Amino acid sequence: MDTTSDPVFSVRGLWKVFGPKAGQIPGDTRWAGLTTEEIRARTGCTAAVRDVSFDIGKGEVFVVMGLSGSGKSTLVRCLTRLIEPTAGSLAIDGEDVLAMDPSQLRELRRHRAAMVFQHFGLLPHRTVLDNVAYGLQIQGVSRAGRRARALEVIEKVGLTGLEDRRPDQLSGGQQQRVGLARALAADPEVLLFDEPFSALDPLIRRDMQEEVIRLHREEGRTMVFITHDLAEALKLGDRIALMRDGAVVQLGTPEEIVTRPADDYVREFVRDVPREQVVTVARAMRPARPEETGAGAALAPDATVAEGITAVARDGVPARVMAGDRLLGVVDQAALLAVVAGLEPCAADAGVVTA
């Protein structure tokens, strides 16, 4: 992802409050320490999103996760004003979303930020090809143009050969691929996924997760992904915004959230996560000795500790951590196992890189 340029989405102090006199809740310090239930009991209002701020970088997979009722779906719907925010600021590519008129909002939703929903919303009487091309038809693209584009994205999501089938002739995973292809057809800058795989069985869900990873690797498209599943968030996200009670309780990389939880709630949330599947070898790295510079497997700095353990066990020597042709350091069995156990030796003692 590109963290050096201007963000795609910039959110500051965003609130969404439902109920009478909702506009009086944001900024009122009387409610700062209260839960959503306590605010509702005292005011009759539901603070679904509470003073949320973040930026989303170009090419980033930004995951918003939390349990049911945490506010994650409401938050992401606010990004394109499918739900109107109560207070705060919101911009896409520096343009004020809250100032957009209905025509500009239609342009935003059709061309710049496309949503992929949990419920596919496919048109049952139309073929796969026609479902994928439907958004382009609404946009006034010629029949030949929308057919060519639809065929292109159908191939991209692995549905070649199914163009003439109707939704009831497809599996759940295939239907979700049609929904993904329909969103991709408009070539949006950002894809917004609203728990798209939660209704799928585990094997199909895993396949669709891999499909998202593949598409992101090939296209580098900015993605915002809503999920209640921690494993899914850790697998997909460059960064994760973990929500509770309408607020973001921690924002960070998967590694940061697992190794440095912000509070007891996050700590309990990640308690059973296998650290070796999330923590990278950079955390266990030490300077290479002269005899280690040319031996051992080569790993990228963002390779997981699990990958490092496999490489070291297979070769019987420390693995090299490489950035292209440059040797950054090595990882050995002792340091890798210390990371798994949560025993983080300091850099002065072991040459461990923690950033």
# chains A, B, ... in the order shown; residues from 1 in each chain; ligands from 1
call {"tool": "residues_around", "arguments": {"residues": "region 334-344 of chain A", "least_positions_apart": "2", "cutoff": "6 Å", "atoms": "only C-alpha atoms", "output": "JSON, numbers by chain"}}
result
{"A": [275, 276, 284, 332]}
call {"tool": "residues_around", "arguments": {"residues": "region 199-203 of chain A", "least_positions_apart": "5", "cutoff": "12 Å", "atoms": "only C-alpha atoms", "output": "PyMOL selection string"}}
result
chain A and resi 117-120+171-177+194+208-210+227+229+231-232
call {"tool": "write_last_selection", "arguments": {"atoms": "all heavy atoms", "output": "compact mmCIF listing (two decimals), in the first residue's frame"}}
result
# COMPACT_ATOMS: atom_id res chain seq x y z
N PHE A 117 -21.93 -6.96 -1.27
CA PHE A 117 -22.72 -7.27 -0.09
C PHE A 117 -22.70 -8.76 0.24
O PHE A 117 -22.40 -9.60 -0.60
CB PHE A 117 -24.17 -6.83 -0.30
CG PHE A 117 -24.35 -5.34 -0.42
CD1 PHE A 117 -24.43 -4.74 -1.67
CD2 PHE A 117 -24.43 -4.55 0.71
CE1 PHE A 117 -24.60 -3.37 -1.78
CE2 PHE A 117 -24.59 -3.17 0.61
CZ PHE A 117 -24.68 -2.58 -0.64
N GLN A 118 -23.07 -9.06 1.50
CA GLN A 118 -23.20 -10.45 1.94
C GLN A 118 -24.28 -11.16 1.14
O GLN A 118 -24.12 -12.30 0.72
CB GLN A 118 -23.55 -10.49 3.44
CG GLN A 118 -23.88 -11.88 3.95
CD GLN A 118 -24.32 -11.86 5.42
OE1 GLN A 118 -24.12 -10.88 6.12
NE2 GLN A 118 -24.93 -12.93 5.86
N HIS A 119 -25.41 -10.49 0.94
CA HIS A 119 -26.50 -11.05 0.14
C HIS A 119 -26.31 -10.55 -1.29
O HIS A 119 -26.33 -9.35 -1.55
CB HIS A 119 -27.85 -10.64 0.72
CG HIS A 119 -28.02 -11.07 2.14
ND1 HIS A 119 -28.14 -12.39 2.50
CD2 HIS A 119 -28.04 -10.36 3.29
CE1 HIS A 119 -28.25 -12.48 3.82
NE2 HIS A 119 -28.20 -11.26 4.32
N PHE A 120 -26.12 -11.47 -2.20
CA PHE A 120 -25.57 -11.17 -3.51
C PHE A 120 -26.42 -10.20 -4.31
O PHE A 120 -25.92 -9.41 -5.09
CB PHE A 120 -25.38 -12.47 -4.30
CG PHE A 120 -24.83 -13.60 -3.46
CD1 PHE A 120 -25.49 -14.81 -3.38
CD2 PHE A 120 -23.66 -13.44 -2.73
CE1 PHE A 120 -24.99 -15.84 -2.60
CE2 PHE A 120 -23.15 -14.46 -1.96
CZ PHE A 120 -23.83 -15.67 -1.88
N SER A 171 -23.50 -22.32 -7.42
CA SER A 171 -23.27 -22.52 -5.99
C SER A 171 -23.17 -21.17 -5.30
O SER A 171 -23.07 -20.11 -5.95
CB SER A 171 -21.99 -23.31 -5.77
OG SER A 171 -20.86 -22.51 -6.14
N GLY A 172 -23.18 -21.19 -3.95
CA GLY A 172 -23.06 -19.95 -3.20
C GLY A 172 -21.77 -19.21 -3.51
O GLY A 172 -21.76 -17.99 -3.67
N GLY A 173 -20.68 -19.97 -3.60
CA GLY A 173 -19.40 -19.34 -3.92
C GLY A 173 -19.38 -18.73 -5.30
O GLY A 173 -18.82 -17.64 -5.52
N GLN A 174 -20.00 -19.42 -6.26
CA GLN A 174 -20.07 -18.89 -7.62
C GLN A 174 -20.92 -17.63 -7.67
O GLN A 174 -20.60 -16.66 -8.37
CB GLN A 174 -20.61 -19.96 -8.57
CG GLN A 174 -19.65 -21.10 -8.83
CD GLN A 174 -20.29 -22.26 -9.55
OE1 GLN A 174 -21.52 -22.46 -9.49
NE2 GLN A 174 -19.48 -23.07 -10.23
N GLN A 175 -22.03 -17.62 -6.91
CA GLN A 175 -22.87 -16.42 -6.87
C GLN A 175 -22.09 -15.24 -6.28
O GLN A 175 -22.20 -14.11 -6.77
CB GLN A 175 -24.12 -16.70 -6.04
CG GLN A 175 -25.09 -17.65 -6.71
CD GLN A 175 -26.33 -17.88 -5.86
OE1 GLN A 175 -26.82 -16.98 -5.19
NE2 GLN A 175 -26.84 -19.11 -5.87
N GLN A 176 -21.28 -15.50 -5.26
CA GLN A 176 -20.51 -14.42 -4.67
C GLN A 176 -19.46 -13.91 -5.66
O GLN A 176 -19.16 -12.71 -5.70
CB GLN A 176 -19.85 -14.88 -3.38
CG GLN A 176 -19.19 -13.77 -2.58
CD GLN A 176 -20.16 -12.65 -2.22
OE1 GLN A 176 -20.42 -11.76 -3.03
NE2 GLN A 176 -20.69 -12.69 -1.01
N ARG A 177 -18.91 -14.80 -6.48
CA ARG A 177 -17.97 -14.37 -7.51
C ARG A 177 -18.66 -13.48 -8.55
O ARG A 177 -18.05 -12.54 -9.07
CB ARG A 177 -17.34 -15.58 -8.20
CG ARG A 177 -16.31 -16.31 -7.34
CD ARG A 177 -15.85 -17.60 -7.99
NE ARG A 177 -15.00 -18.36 -7.10
CZ ARG A 177 -13.67 -18.32 -7.10
NH1 ARG A 177 -13.04 -17.55 -7.97
NH2 ARG A 177 -12.96 -19.03 -6.24
N ASP A 194 -18.96 -5.87 2.48
CA ASP A 194 -19.77 -5.91 3.70
C ASP A 194 -20.03 -7.37 4.09
O ASP A 194 -21.00 -7.97 3.67
CB ASP A 194 -21.08 -5.17 3.49
CG ASP A 194 -21.92 -5.11 4.75
OD1 ASP A 194 -21.39 -5.47 5.83
OD2 ASP A 194 -23.09 -4.71 4.68
N MET A 208 -12.82 -17.99 -1.36
CA MET A 208 -13.12 -16.60 -1.69
C MET A 208 -12.11 -15.65 -1.05
O MET A 208 -11.74 -14.62 -1.63
CB MET A 208 -14.54 -16.25 -1.27
CG MET A 208 -15.63 -16.89 -2.13
SD MET A 208 -15.46 -16.51 -3.90
CE MET A 208 -15.56 -14.73 -3.89
N GLN A 209 -11.66 -15.98 0.16
CA GLN A 209 -10.60 -15.17 0.77
C GLN A 209 -9.34 -15.19 -0.09
O GLN A 209 -8.70 -14.15 -0.31
CB GLN A 209 -10.30 -15.69 2.17
CG GLN A 209 -11.41 -15.46 3.17
CD GLN A 209 -11.19 -16.24 4.46
OE1 GLN A 209 -10.26 -17.03 4.58
NE2 GLN A 209 -12.05 -16.02 5.44
N GLU A 210 -8.98 -16.37 -0.57
CA GLU A 210 -7.81 -16.49 -1.43
C GLU A 210 -8.02 -15.72 -2.73
O GLU A 210 -7.07 -15.15 -3.29
CB GLU A 210 -7.52 -17.97 -1.74
CG GLU A 210 -7.09 -18.79 -0.53
CD GLU A 210 -5.76 -18.33 0.05
OE1 GLU A 210 -4.97 -17.69 -0.68
OE2 GLU A 210 -5.50 -18.61 1.23
N THR A 227 -15.76 -7.51 8.64
CA THR A 227 -15.91 -8.90 9.06
C THR A 227 -16.06 -8.95 10.58
O THR A 227 -15.61 -8.05 11.29
CB THR A 227 -14.71 -9.76 8.62
OG1 THR A 227 -14.94 -11.12 8.99
CG2 THR A 227 -13.41 -9.27 9.24
N ASP A 229 -15.07 -11.91 11.86
CA ASP A 229 -14.21 -13.07 12.03
C ASP A 229 -12.75 -12.62 12.17
O ASP A 229 -12.17 -12.08 11.22
CB ASP A 229 -14.38 -14.01 10.84
CG ASP A 229 -13.62 -15.31 11.00
OD1 ASP A 229 -12.39 -15.29 10.81
OD2 ASP A 229 -14.24 -16.34 11.30
N ALA A 231 -9.95 -14.39 12.40
CA ALA A 231 -9.02 -15.09 11.50
C ALA A 231 -9.07 -14.49 10.10
O ALA A 231 -8.03 -14.33 9.45
CB ALA A 231 -9.36 -16.59 11.46
N GLU A 232 -10.26 -14.15 9.63
CA GLU A 232 -10.41 -13.53 8.31
C GLU A 232 -9.73 -12.16 8.29
O GLU A 232 -9.03 -11.81 7.32
CB GLU A 232 -11.88 -13.41 7.96
CG GLU A 232 -12.15 -12.92 6.55
CD GLU A 232 -13.61 -13.12 6.17
OE1 GLU A 232 -14.48 -12.39 6.70
OE2 GLU A 232 -13.89 -14.02 5.36
call {"tool": "residues_around", "arguments": {"residues": "Thr80 (chain A)", "least_positions_apart": "6", "cutoff": "9 Å", "atoms": "only C-alpha atoms", "output": "NGL selection string"}}
result
:A and (97 or 105 or 108-109 or 113)
call {"tool": "write_last_selection", "arguments": {"atoms": "C-alpha atoms", "output": "compact mmCIF listing (two decimals), in the first residue's frame"}}
result
# COMPACT_ATOMS: atom_id res chain seq x y z
CA VAL A 97 -18.13 13.50 0.67
CA LEU A 105 -23.10 10.59 -4.72
CA LEU A 108 -19.21 7.99 -6.10
CA ARG A 109 -21.16 4.76 -5.61
CA ALA A 113 -16.39 3.04 -4.34
call {"tool": "select_by_dssp", "arguments": {"residues": "region 80-267 of chain A", "states": "strand (DSSP E)", "output": "PyMOL selection string"}}
result
chain A and resi 87-92+95-96+113-117+190-194+222-227+239-244+247-252
call {"tool": "residues_around", "arguments": {"residues": "region 32-35 of chain A", "least_positions_apart": "6", "cutoff": "12 Å", "atoms": "only C-alpha atoms", "output": "PyMOL selection string"}}
result
chain A and resi 25-26+41-43+45-51+70+244-247
call {"tool": "residues_around", "arguments": {"residues": "Arg289 (chain A)", "least_positions_apart": "3", "cutoff": "10 Å", "atoms": "only C-alpha atoms", "output": "list in words"}}
result
Arg286, Glu292, Thr293, Gly329 and Val330 of chain A
call {"tool": "write_last_selection", "arguments": {"atoms": "C-alpha atoms", "output": "compact mmCIF listing (two decimals), in the first residue's frame"}}
result
# COMPACT_ATOMS: atom_id res chain seq x y z
CA ARG A 286 19.42 -10.74 14.36
CA GLU A 292 25.73 -17.21 7.69
CA THR A 293 25.67 -14.71 4.84
CA GLY A 329 19.74 -10.45 8.99
CA VAL A 330 19.01 -14.05 9.94
call {"tool": "atom_distance", "arguments": {"atom1": "CA of Arg260 (chain A)", "atom2": "CA of Leu327 (chain A)"}}
result
27.3 Å
